[in-house]
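To be precise, the following lines are run.cif, and they hold mmCIF, C-alpha atoms (C1' of nucleotides).
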data_run
loop_
_atom_site.label_atom_id
_atom_site.label_comp_id
_atom_site.auth_asym_id
_atom_site.auth_seq_id
_atom_site.Cartn_x
_atom_site.Cartn_y
_atom_site.Cartn_z
CA MET A 1003 148.81 54.52 144.24
CA PRO A 1004 151.15 51.69 145.29
CA ASN A 1005 149.60 48.42 146.35
CA SER A 1006 151.92 47.82 149.27
CA PRO A 1007 150.44 44.66 150.82
CA GLN A 1008 150.60 42.86 147.49
CA HIS A 1009 154.08 44.19 146.82
CA LEU A 1010 155.27 43.10 150.25
CA HIS A 1011 153.91 39.65 149.64
CA ASP A 1012 155.70 39.50 146.30
CA VAL A 1013 158.92 40.64 147.93
CA LEU A 1014 158.68 37.74 150.35
CA VAL A 1015 157.99 35.24 147.58
CA HIS A 1016 160.92 36.42 145.50
CA LEU A 1017 163.23 36.45 148.49
CA ARG A 1018 162.30 32.84 149.23
CA ARG A 1019 163.02 31.86 145.65
CA ILE A 1020 166.36 33.58 145.77
CA ILE A 1021 167.27 31.87 149.03
CA ARG A 1022 166.29 28.53 147.58
CA ALA A 1023 168.26 29.14 144.39
CA THR A 1024 171.28 29.96 146.53
CA ASP A 1025 170.94 26.69 148.40
CA LEU A 1026 170.64 24.74 145.19
CA GLN A 1027 173.69 26.47 143.74
CA SER A 1028 175.64 25.51 146.87
CA LYS A 1029 174.78 21.84 146.25
CA ARG A 1030 175.99 22.16 142.67
CA VAL A 1031 179.23 23.74 143.81
CA VAL A 1032 179.75 20.91 146.31
CA LYS A 1033 179.51 18.41 143.52
CA ALA A 1034 182.02 20.37 141.48
CA CYS A 1035 184.71 20.89 144.11
CA GLY A 1036 183.70 19.25 147.39
CA LEU A 1037 183.20 22.52 149.25
CA THR A 1038 180.00 24.41 150.04
CA ILE A 1039 179.58 28.09 149.29
CA PRO A 1040 179.96 29.18 152.91
CA GLN A 1041 183.14 27.09 153.17
CA ILE A 1042 184.55 28.71 150.05
CA MET A 1043 183.61 32.16 151.26
CA VAL A 1044 185.42 31.55 154.52
CA LEU A 1045 188.49 30.21 152.72
CA ARG A 1046 188.57 33.16 150.33
CA SER A 1047 188.11 35.53 153.19
CA ILE A 1048 191.14 34.05 154.94
CA GLU A 1049 193.09 34.18 151.71
CA ALA A 1050 192.20 37.81 151.18
CA LEU A 1051 192.73 38.99 154.75
CA GLY A 1052 195.75 36.86 155.70
CA ASP A 1053 195.87 35.42 159.19
CA VAL A 1054 192.61 36.65 160.55
CA THR A 1055 190.42 36.35 163.63
CA VAL A 1056 187.12 34.51 163.74
CA ARG A 1057 185.34 37.78 164.41
CA LYS A 1058 186.78 39.40 161.29
CA ILE A 1059 185.87 36.43 159.15
CA SER A 1060 182.37 36.49 160.51
CA ASP A 1061 182.00 40.18 159.68
CA SER A 1062 183.46 39.65 156.25
CA VAL A 1063 181.13 36.83 155.24
CA SER A 1064 178.01 37.99 157.11
CA LEU A 1065 177.70 34.94 159.34
CA SER A 1066 177.62 34.63 163.11
CA GLN A 1067 180.78 33.81 165.00
CA ALA A 1068 179.30 30.45 166.00
CA THR A 1069 178.62 29.55 162.41
CA VAL A 1070 182.13 30.47 161.35
CA THR A 1071 183.47 28.31 164.18
CA THR A 1072 181.62 25.26 162.93
CA ILE A 1073 182.70 25.92 159.36
CA LEU A 1074 186.30 26.34 160.51
CA ASN A 1075 186.03 23.02 162.37
CA ARG A 1076 185.17 21.25 159.16
CA LEU A 1077 187.85 23.04 157.19
CA GLU A 1078 190.40 22.22 159.89
CA ASP A 1079 189.35 18.55 159.89
CA ARG A 1080 190.12 18.48 156.21
CA GLN A 1081 193.36 20.38 156.77
CA TYR A 1082 192.55 23.32 154.56
CA VAL A 1083 192.96 25.66 157.50
CA GLU A 1084 194.87 25.75 160.77
CA ARG A 1085 194.13 27.70 163.91
CA VAL A 1086 196.93 29.65 165.51
CA ARG A 1087 196.45 31.16 168.93
CA ALA A 1088 197.81 34.70 169.23
CA GLN A 1089 200.72 35.10 171.64
CA LYS A 1090 199.95 38.49 173.11
CA ASP A 1091 196.22 37.95 173.56
CA LYS A 1092 195.49 34.29 174.10
CA ARG A 1093 191.77 34.66 173.58
CA ILE A 1094 192.37 35.35 169.92
CA VAL A 1095 192.48 32.58 167.35
CA ASN A 1096 193.88 33.30 163.92
CA ALA A 1097 192.85 31.18 160.97
CA ARG A 1098 195.52 30.45 158.39
CA LEU A 1099 195.34 28.69 155.03
CA THR A 1100 197.38 25.54 154.58
CA GLU A 1101 199.01 24.50 151.32
CA SER A 1102 196.04 22.24 150.55
CA GLY A 1103 193.75 25.13 151.36
CA LEU A 1104 195.46 27.28 148.76
CA GLU A 1105 195.36 24.41 146.29
CA ILE A 1106 191.70 23.62 146.68
CA LEU A 1107 190.80 27.29 146.34
CA LYS A 1108 192.18 27.20 142.80
CA THR A 1109 189.66 24.53 141.86
CA THR A 1110 186.57 26.35 143.13
CA PRO A 1111 184.03 27.50 140.57
CA PRO A 1112 182.20 30.86 140.60
CA LEU A 1113 179.74 31.04 143.46
CA LEU A 1114 176.95 32.42 141.33
CA HIS A 1115 175.42 30.21 138.69
CA GLU A 1116 176.86 30.63 135.22
CA LYS A 1117 173.40 31.38 133.91
CA PHE A 1118 173.12 34.22 136.39
CA ILE A 1119 176.54 35.58 135.52
CA ASP A 1120 175.83 35.46 131.79
CA GLU A 1121 172.48 37.11 132.11
CA PHE A 1122 173.69 39.73 134.53
CA GLU A 1123 176.60 40.61 132.29
CA SER A 1124 174.32 40.87 129.32
CA LEU A 1125 172.32 43.57 131.06
CA GLU A 1126 172.92 47.19 130.15
CA GLY A 1127 175.15 49.03 132.57
CA TRP A 1128 172.27 51.04 133.95
CA GLU A 1129 170.25 47.89 134.48
CA GLN A 1130 173.07 46.29 136.42
CA THR A 1131 173.28 49.38 138.52
CA GLN A 1132 169.56 49.38 139.16
CA VAL A 1133 169.51 45.73 140.19
CA LEU A 1134 172.50 46.26 142.42
CA SER A 1135 171.13 49.33 144.09
CA SER A 1136 167.79 47.66 144.70
CA LEU A 1137 169.59 44.77 146.29
CA GLN A 1138 171.62 47.11 148.44
CA ARG A 1139 168.49 48.94 149.41
CA ILE A 1140 166.77 45.73 150.46
CA ALA A 1141 169.81 44.55 152.39
CA MET A 1142 169.85 47.85 154.27
CA MET A 1143 166.13 47.88 154.93
CA MET A 1144 166.26 44.33 156.26
CA ASP A 1145 169.20 44.98 158.51
CA ALA A 1146 167.40 45.52 161.78
CA GLU A 1147 170.65 45.72 163.69
CA ASN A 1148 171.76 48.98 162.13
CA LEU A 1149 168.66 51.02 162.69
CA ASP A 1150 170.31 54.21 161.58
CA ALA A 1151 170.59 54.71 157.85
CA ALA A 1152 173.92 53.12 156.98
CA PRO A 1153 176.04 54.99 154.47
CA LEU A 1154 175.61 53.83 150.91
CA LEU A 1155 178.43 52.28 148.94
CA ASP A 1156 180.46 51.31 151.97
CA ILE A 1157 181.56 48.12 150.33
CA ASN A 1158 185.17 47.55 151.17
CA SER A 1159 185.28 43.80 151.17
CA PRO A 1160 188.04 41.69 149.70
CA ASP A 1161 187.54 41.32 146.01
CA ALA A 1162 187.06 38.38 143.71
CA LEU A 1163 184.72 36.62 146.10
CA VAL A 1164 182.28 35.76 143.32
CA MET B 1407 181.21 50.72 130.76
CA PRO B 1408 179.85 48.41 133.44
CA ASN B 1409 182.31 46.90 135.89
CA SER B 1410 180.72 43.48 135.96
CA PRO B 1411 183.16 41.55 138.17
CA GLN B 1412 182.86 44.16 140.89
CA HIS B 1413 179.11 44.29 140.48
CA LEU B 1414 178.83 40.52 140.64
CA HIS B 1415 180.85 40.50 143.82
CA ASP B 1416 178.62 43.15 145.31
CA VAL B 1417 175.55 41.17 144.31
CA LEU B 1418 176.89 38.19 146.22
CA VAL B 1419 177.67 40.27 149.29
CA HIS B 1420 174.21 41.82 149.38
CA LEU B 1421 172.53 38.48 148.82
CA ARG B 1422 174.42 37.04 151.78
CA ARG B 1423 173.35 39.95 153.96
CA ILE B 1424 169.77 39.50 152.91
CA ILE B 1425 169.86 35.78 153.64
CA ARG B 1426 171.34 36.46 157.05
CA ALA B 1427 168.76 39.12 157.82
CA THR B 1428 166.05 36.62 156.92
CA ASP B 1429 167.48 34.08 159.33
CA LEU B 1430 167.65 36.64 162.10
CA GLN B 1431 164.07 37.70 161.46
CA SER B 1432 163.00 34.07 161.72
CA LYS B 1433 164.54 33.86 165.19
CA ARG B 1434 162.69 37.01 166.23
CA VAL B 1435 159.44 35.59 164.95
CA VAL B 1436 160.05 32.37 166.90
CA LYS B 1437 160.37 34.37 170.08
CA ALA B 1438 157.16 36.20 169.33
CA CYS B 1439 154.93 33.25 168.49
CA GLY B 1440 156.85 29.98 168.80
CA LEU B 1441 156.89 29.24 165.07
CA THR B 1442 159.63 29.77 162.51
CA ILE B 1443 159.03 31.57 159.23
CA PRO B 1444 159.01 28.40 157.14
CA GLN B 1445 156.54 26.83 159.55
CA ILE B 1446 154.25 29.84 159.29
CA MET B 1447 154.54 29.88 155.52
CA VAL B 1448 153.51 26.24 155.38
CA LEU B 1449 150.60 26.83 157.75
CA ARG B 1450 149.39 29.85 155.77
CA SER B 1451 149.74 27.94 152.58
CA ILE B 1452 147.51 25.18 153.94
CA GLU B 1453 145.06 27.77 155.19
CA ALA B 1454 144.94 29.44 151.80
CA LEU B 1455 144.75 26.32 149.69
CA GLY B 1456 142.55 24.15 151.91
CA ASP B 1457 143.37 20.47 152.18
CA VAL B 1458 146.42 20.30 150.04
CA THR B 1459 149.13 17.87 148.95
CA VAL B 1460 152.74 18.05 150.01
CA ARG B 1461 153.76 18.75 146.42
CA LYS B 1462 151.46 21.75 146.17
CA ILE B 1463 152.69 23.16 149.44
CA SER B 1464 156.25 22.73 148.32
CA ASP B 1465 155.57 24.60 145.08
CA SER B 1466 153.71 27.29 146.91
CA VAL B 1467 156.45 28.02 149.45
CA SER B 1468 159.47 27.33 147.21
CA LEU B 1469 160.89 24.50 149.29
CA SER B 1470 161.67 20.92 148.36
CA GLN B 1471 159.19 18.18 149.11
CA ALA B 1472 161.60 16.68 151.63
CA THR B 1473 161.83 19.96 153.50
CA VAL B 1474 158.08 20.37 153.62
CA THR B 1475 157.81 16.83 154.98
CA THR B 1476 160.11 17.60 157.91
CA ILE B 1477 158.30 20.86 158.60
CA LEU B 1478 154.96 19.05 158.52
CA ASN B 1479 156.35 16.49 160.96
CA ARG B 1480 157.07 19.20 163.47
CA LEU B 1481 153.72 20.89 162.90
CA GLU B 1482 151.96 17.55 163.29
CA ASP B 1483 153.86 16.81 166.52
CA ARG B 1484 152.50 20.04 167.89
CA GLN B 1485 149.04 19.25 166.52
CA TYR B 1486 148.72 22.30 164.33
CA VAL B 1487 148.25 20.08 161.30
CA GLU B 1488 146.97 16.62 160.55
CA ARG B 1489 147.75 14.40 157.61
CA VAL B 1490 144.85 12.78 155.81
CA ARG B 1491 145.53 10.09 153.26
CA ALA B 1492 143.42 10.42 150.14
CA GLN B 1493 140.94 7.58 149.61
CA LYS B 1494 141.09 7.24 145.87
CA ASP B 1495 144.87 7.55 145.56
CA LYS B 1496 146.56 6.33 148.69
CA ARG B 1497 149.94 7.77 147.76
CA ILE B 1498 148.57 11.22 148.30
CA VAL B 1499 148.71 12.91 151.69
CA ASN B 1500 146.60 15.96 152.32
CA ALA B 1501 147.59 18.38 155.04
CA ARG B 1502 144.80 19.95 157.03
CA LEU B 1503 144.83 22.66 159.68
CA THR B 1504 143.57 21.75 163.12
CA GLU B 1505 141.70 24.12 165.40
CA SER B 1506 144.93 24.94 167.23
CA GLY B 1507 146.55 25.50 163.87
CA LEU B 1508 143.98 28.10 162.99
CA GLU B 1509 144.32 29.65 166.43
CA ILE B 1510 148.09 29.94 166.36
CA LEU B 1511 147.99 31.46 162.89
CA LYS B 1512 146.08 34.41 164.33
CA THR B 1513 148.96 35.16 166.67
CA THR B 1514 151.69 35.19 164.02
CA PRO B 1515 153.40 38.50 163.31
CA PRO B 1516 154.36 39.80 159.85
CA LEU B 1517 157.17 37.76 158.35
CA LEU B 1518 159.13 40.79 157.23
CA HIS B 1519 160.65 43.02 159.86
CA GLU B 1520 158.58 46.01 160.82
CA LYS B 1521 161.47 48.27 159.91
CA PHE B 1522 161.49 46.80 156.43
CA ILE B 1523 157.75 47.15 156.03
CA ASP B 1524 157.81 50.76 157.19
CA GLU B 1525 160.66 51.71 154.95
CA PHE B 1526 159.29 49.86 151.96
CA GLU B 1527 155.90 51.48 152.36
CA SER B 1528 157.49 54.88 152.63
CA LEU B 1529 159.06 54.47 149.21
CA GLU B 1530 157.47 56.11 146.21
CA GLY B 1531 155.33 53.81 144.14
CA TRP B 1532 157.84 53.73 141.32
CA GLU B 1533 160.60 52.89 143.76
CA GLN B 1534 158.64 49.97 145.15
CA THR B 1535 158.09 48.77 141.63
CA GLN B 1536 161.75 49.09 140.80
CA VAL B 1537 162.85 47.17 143.87
CA LEU B 1538 160.27 44.51 143.22
CA SER B 1539 161.14 44.07 139.58
CA SER B 1540 164.85 43.88 140.38
CA LEU B 1541 164.08 41.19 142.89
CA GLN B 1542 161.98 39.32 140.41
CA ARG B 1543 164.70 39.64 137.83
CA ILE B 1544 167.31 38.24 140.21
CA ALA B 1545 165.04 35.39 141.23
CA MET B 1546 164.53 34.50 137.59
CA MET B 1547 168.18 34.80 136.68
CA MET B 1548 169.14 32.58 139.60
CA ASP B 1549 166.58 29.95 138.81
CA ALA B 1550 168.75 27.46 136.95
CA GLU B 1551 165.91 24.96 136.72
CA ASN B 1552 163.85 27.06 134.36
CA LEU B 1553 166.41 27.79 131.71
CA ASP B 1554 163.90 29.35 129.37
CA ALA B 1555 162.90 32.90 130.13
CA ALA B 1556 159.93 32.49 132.42
CA PRO B 1557 157.04 34.89 131.82
CA LEU B 1558 157.11 37.95 134.02
CA LEU B 1559 154.43 38.69 136.55
CA ASP B 1560 153.22 35.13 136.83
CA ILE B 1561 152.61 35.54 140.50
CA ASN B 1562 149.47 33.70 141.40
CA SER B 1563 150.27 32.69 144.91
CA PRO B 1564 147.86 32.80 147.80
CA ASP B 1565 147.74 36.28 149.20
CA ALA B 1566 148.46 37.77 152.58
CA LEU B 1567 151.48 35.58 153.15
CA VAL B 1568 153.52 38.51 154.42
"C1'" DC C 272 147.31 -10.75 134.64
"C1'" DC C 273 151.79 -9.01 135.37
"C1'" DT C 274 155.75 -6.41 134.91
"C1'" DA C 275 157.86 -1.93 134.18
"C1'" DT C 276 157.59 2.69 134.95
"C1'" DA C 277 155.98 6.67 137.11
"C1'" DT C 278 154.17 9.22 141.08
"C1'" DA C 279 153.70 10.83 146.02
"C1'" DC C 280 155.77 10.94 149.92
"C1'" DT C 281 159.25 9.72 153.71
"C1'" DT C 282 163.78 8.68 155.50
"C1'" DT C 283 168.66 9.33 155.80
"C1'" DG C 284 172.72 11.87 156.02
"C1'" DA C 285 175.38 15.97 155.97
"C1'" DA C 286 175.85 20.87 156.20
"C1'" DC C 287 174.28 25.47 157.55
"C1'" DT C 288 172.48 28.66 160.93
"C1'" DG C 289 171.54 31.31 165.07
"C1'" DT C 290 170.93 32.02 170.29
"C1'" DA C 291 172.23 31.06 174.75
"C1'" DA C 292 175.28 29.27 177.88
"C1'" DC C 293 180.01 28.39 178.79
"C1'" DT C 294 185.42 28.76 179.13
"C1'" DT C 295 189.39 31.40 178.97
"C1'" DT C 296 191.75 35.62 178.95
"C1'" DT C 297 192.09 40.58 179.27
"C1'" DT C 298 190.75 45.03 180.90
"C1'" DT C 299 188.66 48.12 184.21
"C1'" DA C 300 187.65 49.98 188.53
"C1'" DA C 301 187.36 49.98 193.43
"C1'" DT D 192 195.59 43.91 194.26
"C1'" DT D 193 191.64 42.00 193.26
"C1'" DA D 194 186.97 41.52 191.96
"C1'" DA D 195 183.82 42.70 188.19
"C1'" DA D 196 182.98 43.31 183.54
"C1'" DA D 197 184.06 42.69 178.85
"C1'" DA D 198 185.83 40.20 174.92
"C1'" DA D 199 187.04 36.06 171.87
"C1'" DG D 200 185.85 31.64 170.89
"C1'" DT D 201 183.50 27.22 171.53
"C1'" DT D 202 179.75 24.09 172.69
"C1'" DA D 203 174.98 22.57 172.95
"C1'" DC D 204 170.80 22.59 170.88
"C1'" DA D 205 167.02 23.04 167.69
"C1'" DG D 206 165.54 24.01 163.24
"C1'" DT D 207 166.15 24.32 158.11
"C1'" DT D 208 167.61 22.54 153.82
"C1'" DC D 209 168.66 19.51 149.98
"C1'" DA D 210 169.83 15.14 147.20
"C1'" DA D 211 169.53 10.46 147.10
"C1'" DA D 212 167.69 6.31 148.45
"C1'" DG D 213 163.66 3.94 150.00
"C1'" DT D 214 158.48 2.72 150.39
"C1'" DA D 215 153.95 2.38 148.85
"C1'" DT D 216 150.67 2.99 145.32
"C1'" DA D 217 149.01 3.65 140.62
"C1'" DT D 218 149.21 3.29 135.60
"C1'" DA D 219 150.59 1.42 131.08
"C1'" DG D 220 152.08 -2.09 127.94
"C1'" DG D 221 152.58 -6.80 126.70
#

Rewrite the structure from the file as structure tokens, please.
Amino acid sequence: MPNSPQHLHDVLVHLRRIIRATDLQSKRVVKACGLTIPQIMVLRSIEALGDVTVRKISDSVSLSQATVTTILNRLEDRQYVERVRAQKDKRIVNARLTESGLEILKTTPPLLHEKFIDEFESLEGWEQTQVLSSLQRIAMMMDAENLDAAPLLDINSPDALV
Amino acid sequence: MPNSPQHLHDVLVHLRRIIRATDLQSKRVVKACGLTIPQIMVLRSIEALGDVTVRKISDSVSLSQATVTTILNRLEDRQYVERVRAQKDKRIVNARLTESGLEILKTTPPLLHEKFIDEFESLEGWEQTQVLSSLQRIAMMMDAENLDAAPLLDINSPDALV
DNA sequence: CCTATATACTTTGAACTGTAACTTTTTTAA
DNA sequence: TTAAAAAAGTTACAGTTCAAAGTATATAGG
């Protein structure tokens, strides 16, 4: 018989640790290259998708439009990105990488900690799959927006974002 | 043969979705009871541990001391908590729940979305265990502080924090 | 005793994050 | 045609989060 209340509590504890570890990794990455993880994800997303709207970036990196706007502001201040208003529909803003943006992207480290990467890669294939599918399951269960069961394995994001 | 780069990328994507879902849930909880998830976790931690130092709270909720301080500031402003300086060692600050603090705690909803709780509880016992152990594994692999393999199942946190 | 170090906590500064309200532009419908 | 509704972004605001620097107190060594 599963002990759900205890398990749920443990889920919460582990999630908090994971969120914290992610924050800490972002600080490490900042020290290494001057950009935070969300900034790098936005840059890579623009690189992968070409000139792209704020909405598409926000879908691609799982952040709200408002958050992407503030991140774009900072990236634009530093001239890694420029905004180009679309001609046919003037509501639309396309983000575009600058030369410096392309340059800095080359200096960015992996977004997951090396320890994590090493340990994950040292897992057996079936273990990797199990971890991944659990993670996918949790992501789906937590996604209160899509109340219908979303199709599995619908990952069609730009690659090499790690 | 495992396709690690793709898997690592997928791990990152799912983690981001999970972090976002957690943020969104916190906003929902605020609407329901006026407190954010971190605030509730701190309050429950104080409730569970009794008069307790900032350091212990920060360990218990997996947040830095500085973060707990700012959360305590807000909770103290609203008089849910009071700080009591220890007599024998005046560096130490103990946090204590007030009457209102105890009251408000009774009104707080579960910290995981109801959809998540329902779906998690509907899983088979072995599935719950698998999800939980994957989560624990990820949390451990991401924890760059503890480079040695931490012992499994060392969960001794106060209960009913969900 | 007195200085150096360590501990407990707070402050500061910068970034992330979302909702709600707002502006501008486009589309729809009367 | 023109008013209403929708869509794309931005702004305002409040909270979270951490590292690093700062403050106050305690302990250890000379």

Superposed chain A (ref. Chain B, all C-alpha pairs in order) as a compact mmCIF listing (two decimals) with C-alpha atoms, keeping the file's coordinate frame:
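Okay, this is what ended up in selection.txt:
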# COMPACT_ATOMS: atom_id res chain seq x y z
CA MET A 1003 181.25 50.67 130.74
CA PRO A 1004 179.87 48.38 133.47
CA ASN A 1005 182.32 46.87 135.91
CA SER A 1006 180.75 43.44 135.97
CA PRO A 1007 183.19 41.49 138.17
CA GLN A 1008 182.88 44.08 140.92
CA HIS A 1009 179.13 44.24 140.50
CA LEU A 1010 178.84 40.46 140.66
CA HIS A 1011 180.86 40.43 143.83
CA ASP A 1012 178.60 43.08 145.33
CA VAL A 1013 175.54 41.11 144.32
CA LEU A 1014 176.88 38.13 146.23
CA VAL A 1015 177.65 40.20 149.31
CA HIS A 1016 174.21 41.77 149.37
CA LEU A 1017 172.52 38.44 148.81
CA ARG A 1018 174.39 37.00 151.79
CA ARG A 1019 173.32 39.91 153.95
CA ILE A 1020 169.74 39.47 152.89
CA ILE A 1021 169.84 35.75 153.63
CA ARG A 1022 171.32 36.44 157.03
CA ALA A 1023 168.74 39.12 157.80
CA THR A 1024 166.03 36.62 156.90
CA ASP A 1025 167.46 34.08 159.31
CA LEU A 1026 167.65 36.63 162.08
CA GLN A 1027 164.07 37.72 161.45
CA SER A 1028 162.98 34.08 161.71
CA LYS A 1029 164.57 33.88 165.18
CA ARG A 1030 162.72 37.02 166.22
CA VAL A 1031 159.44 35.61 164.95
CA VAL A 1032 160.05 32.40 166.90
CA LYS A 1033 160.39 34.39 170.07
CA ALA A 1034 157.17 36.23 169.32
CA CYS A 1035 154.93 33.27 168.48
CA GLY A 1036 156.86 30.01 168.81
CA LEU A 1037 156.88 29.27 165.09
CA THR A 1038 159.63 29.79 162.51
CA ILE A 1039 159.02 31.58 159.24
CA PRO A 1040 159.03 28.40 157.16
CA GLN A 1041 156.53 26.85 159.59
CA ILE A 1042 154.26 29.86 159.30
CA MET A 1043 154.54 29.88 155.53
CA VAL A 1044 153.52 26.25 155.40
CA LEU A 1045 150.60 26.84 157.75
CA ARG A 1046 149.40 29.84 155.76
CA SER A 1047 149.78 27.92 152.58
CA ILE A 1048 147.54 25.17 153.94
CA GLU A 1049 145.08 27.76 155.17
CA ALA A 1050 144.98 29.44 151.80
CA LEU A 1051 144.81 26.30 149.67
CA GLY A 1052 142.59 24.12 151.89
CA ASP A 1053 143.43 20.45 152.17
CA VAL A 1054 146.49 20.28 150.02
CA THR A 1055 149.19 17.84 148.95
CA VAL A 1056 152.80 18.03 150.05
CA ARG A 1057 153.83 18.70 146.48
CA LYS A 1058 151.53 21.71 146.20
CA ILE A 1059 152.74 23.12 149.48
CA SER A 1060 156.30 22.70 148.38
CA ASP A 1061 155.63 24.55 145.13
CA SER A 1062 153.77 27.27 146.96
CA VAL A 1063 156.49 28.00 149.49
CA SER A 1064 159.52 27.31 147.28
CA LEU A 1065 160.93 24.48 149.37
CA SER A 1066 161.74 20.90 148.47
CA GLN A 1067 159.24 18.16 149.20
CA ALA A 1068 161.63 16.68 151.76
CA THR A 1069 161.87 19.95 153.60
CA VAL A 1070 158.11 20.36 153.69
CA THR A 1071 157.84 16.82 155.06
CA THR A 1072 160.11 17.60 157.97
CA ILE A 1073 158.31 20.86 158.66
CA LEU A 1074 154.96 19.04 158.55
CA ASN A 1075 156.34 16.48 161.02
CA ARG A 1076 157.02 19.21 163.52
CA LEU A 1077 153.69 20.89 162.94
CA GLU A 1078 151.92 17.55 163.31
CA ASP A 1079 153.80 16.81 166.55
CA ARG A 1080 152.44 20.05 167.90
CA GLN A 1081 148.99 19.27 166.52
CA TYR A 1082 148.68 22.31 164.32
CA VAL A 1083 148.24 20.10 161.29
CA GLU A 1084 146.96 16.62 160.52
CA ARG A 1085 147.75 14.38 157.59
CA VAL A 1086 144.89 12.75 155.76
CA ARG A 1087 145.58 10.08 153.20
CA ALA A 1088 143.49 10.42 150.04
CA GLN A 1089 141.03 7.59 149.42
CA LYS A 1090 141.21 7.31 145.66
CA ASP A 1091 144.99 7.63 145.37
CA LYS A 1092 146.65 6.31 148.49
CA ARG A 1093 150.02 7.78 147.65
CA ILE A 1094 148.65 11.24 148.26
CA VAL A 1095 148.76 12.87 151.67
CA ASN A 1096 146.66 15.94 152.31
CA ALA A 1097 147.63 18.37 155.04
CA ARG A 1098 144.81 19.95 156.99
CA LEU A 1099 144.82 22.65 159.66
CA THR A 1100 143.54 21.75 163.10
CA GLU A 1101 141.66 24.13 165.37
CA SER A 1102 144.90 24.94 167.20
CA GLY A 1103 146.55 25.50 163.85
CA LEU A 1104 143.95 28.10 162.95
CA GLU A 1105 144.30 29.66 166.39
CA ILE A 1106 148.05 29.95 166.36
CA LEU A 1107 147.98 31.47 162.88
CA LYS A 1108 146.07 34.42 164.32
CA THR A 1109 148.95 35.18 166.66
CA THR A 1110 151.69 35.21 164.02
CA PRO A 1111 153.40 38.51 163.30
CA PRO A 1112 154.35 39.82 159.83
CA LEU A 1113 157.15 37.78 158.34
CA LEU A 1114 159.12 40.80 157.23
CA HIS A 1115 160.65 43.03 159.85
CA GLU A 1116 158.57 46.05 160.79
CA LYS A 1117 161.47 48.29 159.89
CA PHE A 1118 161.50 46.80 156.42
CA ILE A 1119 157.75 47.17 156.02
CA ASP A 1120 157.81 50.79 157.18
CA GLU A 1121 160.68 51.72 154.95
CA PHE A 1122 159.32 49.88 151.96
CA GLU A 1123 155.94 51.52 152.35
CA SER A 1124 157.54 54.90 152.63
CA LEU A 1125 159.11 54.48 149.22
CA GLU A 1126 157.51 56.16 146.23
CA GLY A 1127 155.37 53.86 144.15
CA TRP A 1128 157.88 53.80 141.33
CA GLU A 1129 160.65 52.93 143.75
CA GLN A 1130 158.67 50.02 145.13
CA THR A 1131 158.10 48.84 141.63
CA GLN A 1132 161.77 49.13 140.78
CA VAL A 1133 162.86 47.20 143.85
CA LEU A 1134 160.27 44.55 143.18
CA SER A 1135 161.14 44.14 139.56
CA SER A 1136 164.83 43.91 140.34
CA LEU A 1137 164.07 41.22 142.85
CA GLN A 1138 161.95 39.36 140.35
CA ARG A 1139 164.67 39.69 137.79
CA ILE A 1140 167.26 38.25 140.16
CA ALA A 1141 164.98 35.42 141.19
CA MET A 1142 164.48 34.54 137.53
CA MET A 1143 168.14 34.81 136.64
CA MET A 1144 169.09 32.58 139.56
CA ASP A 1145 166.52 29.96 138.77
CA ALA A 1146 168.68 27.48 136.92
CA GLU A 1147 165.86 24.98 136.71
CA ASN A 1148 163.75 27.05 134.35
CA LEU A 1149 166.32 27.81 131.73
CA ASP A 1150 163.79 29.31 129.39
CA ALA A 1151 162.76 32.86 130.13
CA ALA A 1152 159.80 32.46 132.48
CA PRO A 1153 156.90 34.80 131.89
CA LEU A 1154 156.97 37.92 134.01
CA LEU A 1155 154.30 38.67 136.57
CA ASP A 1156 153.12 35.10 136.88
CA ILE A 1157 152.54 35.52 140.57
CA ASN A 1158 149.37 33.73 141.47
CA SER A 1159 150.16 32.69 144.99
CA PRO A 1160 147.77 32.85 147.91
CA ASP A 1161 147.69 36.31 149.32
CA ALA A 1162 148.45 37.78 152.70
CA LEU A 1163 151.52 35.63 153.18
CA VAL A 1164 153.58 38.58 154.42

| What residues in chain B have any atom no more than 7 Å from chain D when counting all atoms listed in the file, and can you write them as a ChimeraX atom specification? | /B:1473,1496-1497

| field | Option closest in space to Arg1489 of chain B, from B:Asp1416, B:Asp1457, B:Glu1533, B:Asp1549 [counting all atoms listed in the file] | value | B:Asp1457

| said: Taking only C-alpha atoms into account and nothing else, which residues of chain A lie no more than 7 Å away from chain B? Please answer as a PyMOL selection string. | reply: chain A and resi 1003-1004+1006+1010-1011+1013-1014+1016+1018-1023+1064-1065+1115+1117-1118+1121+1123+1127+1133-1134+1136-1138+1141+1143-1146+1162-1164

| message | For a test of reading the model, state the distance in Å between atom CA of Glu1453 of chain B and atom CA of Thr1514 of chain B, rounded to one decimal. | response |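 If I compute the distance from atom CA of Glu1453 of chain B to atom CA of Thr1514 of chain B, I get 13.3 Å.
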
At most 9 Å is the cut-off: for each residue in chain C with any atom that close to an atom of chain B, write down the nearest atom pair and the distance in Å rounded to one decimal, counting only C-alpha atoms (C1' of nucleotides), chain first then increasing number, as a Markdown table.
| residue | atom | partner | partner_atom | distance |
| --- | --- | --- | --- | --- |
| C:DT278 | C1' | B:Arg1497 | CA | 8.0 |
| C:DA279 | C1' | B:Arg1497 | CA | 5.2 |
| C:DC280 | C1' | B:Arg1497 | CA | 7.0 |
| C:DT281 | C1' | B:Thr1475 | CA | 7.4 |
| C:DT288 | C1' | B:Asp1429 | CA | 7.5 |
| C:DG289 | C1' | B:Leu1430 | CA | 7.2 |
| C:DT290 | C1' | B:Lys1433 | CA | 8.4 |

| task | Provide the atom CA of Leu1449 of chain B to atom CA of Asp1465 of chain B distance in Å, to one decimal place. | result |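 Atom CA of Leu1449 of chain B sits 13.8 Å away from atom CA of Asp1465 of chain B.
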